[in-house]
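Undergrad: The structure's right below; bear with me while I get my questions together.
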Amino acid sequence: MNKRGLILCFLLFGTFLMHAQGPGRERIKSLKVAFITERVGLTSEEAQQFWPIYNEHEETLEHMRRKERMELHANISRVQELSTNESEKLLDNLLALQFEKQKAERDFLSKLRAVIPAKKVLLLVKAEEDFKRQMIQQFRKRRGRD
């Protein structure tokens, strides 16, 4: 999958999770935990170290998504009206946020690598992608029924 497709997939999944509210959102989180647990095959000792790191990373990403929504989405609808300086500032903020996300991802993978084998870290990456793909497919099926 090319870089644009991957970004689109992340955005679609992020949007889907953001719109899921209340019990539905918690249900998705539970499904994701079960999916990852099954696919990665963590031992109980690994799981004790893995889940706090994973949950912290998820909170960091959620904070970044909120920040992105507030920064970007508040101004993107009026992009035609923005001055050159405002556009430059908005773009700089977007680039800084993307850099923060990349750094957070690198830090996350490094922390995981210290507590679980590299193969399981890779299995996690694959499991997350598979889960996202599965959620998008289910979303499309449901949307098609409505």
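Going through the structure tokens in order, the chains are called A, B, and so on, while each chain numbers its residues from 1 and the ligands are numbered from 1 in the order shown.
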Which residues of region 89-115 of chain A have any atom within 10 Å of an atom in region 46-62 of chain A when counting only C-alpha atoms, and what is the closest pair of atoms for each, with the distance in Å to one decimal? Order the rows by chain and rising number and write it as a Markdown table.
TA:
```
| residue | atom | partner | partner_atom | distance |
| --- | --- | --- | --- | --- |
| A:Glu100 | CA | A:Leu61 | CA | 9.6 |
| A:Lys101 | CA | A:Leu61 | CA | 7.3 |
| A:Ala104 | CA | A:His57 | CA | 7.5 |
| A:Glu105 | CA | A:His57 | CA | 8.1 |
| A:Asp107 | CA | A:His57 | CA | 9.1 |
| A:Phe108 | CA | A:His57 | CA | 6.5 |
| A:Leu109 | CA | A:Tyr54 | CA | 9.6 |
| A:Lys111 | CA | A:Ile53 | CA | 7.4 |
| A:Leu112 | CA | A:Phe50 | CA | 6.7 |
| A:Arg113 | CA | A:Phe50 | CA | 9.8 |
| A:Ala114 | CA | A:Gln49 | CA | 9.7 |
| A:Val115 | CA | A:Gln49 | CA | 6.5 |
```
Undergrad: For the residues in the current selection, export C-alpha atoms as a short mmCIF file (atom, residue, chain, number, x, y, z; two decimals), in the first residue's frame.
TA:
```cif
data_model
loop_
_atom_site.label_atom_id
_atom_site.label_comp_id
_atom_site.auth_asym_id
_atom_site.auth_seq_id
_atom_site.Cartn_x
_atom_site.Cartn_y
_atom_site.Cartn_z
CA GLU A 100 5.05 14.53 16.60
CA LYS A 101 3.06 11.52 15.43
CA ALA A 104 5.52 9.04 19.04
CA GLU A 105 5.38 5.99 16.77
CA ASP A 107 9.25 5.90 20.62
CA PHE A 108 6.39 3.43 20.97
CA LEU A 109 8.06 0.80 18.81
CA LYS A 111 9.65 0.81 24.04
CA LEU A 112 7.86 -2.30 22.82
CA ARG A 113 11.04 -3.75 21.43
CA ALA A 114 12.53 -3.60 24.92
CA VAL A 115 9.71 -5.70 26.44
#
```
Undergrad: Assign secondary structure with DSSP using the backbone only, and return the residues of chain A in alpha helix (DSSP H) as a ChimeraX atom specification.
TA: /A:3-19,22-40,44-68,74-76,84-115,118-145
Undergrad: Measure the distance from CA of Ser87 (chain A) to CA of Arg69 (chain A) in Å and round it to one decimal.
TA: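 Computing the Euclidean distance for CA of Ser87 (chain A) and CA of Arg69 (chain A) yields 16.0 Å.
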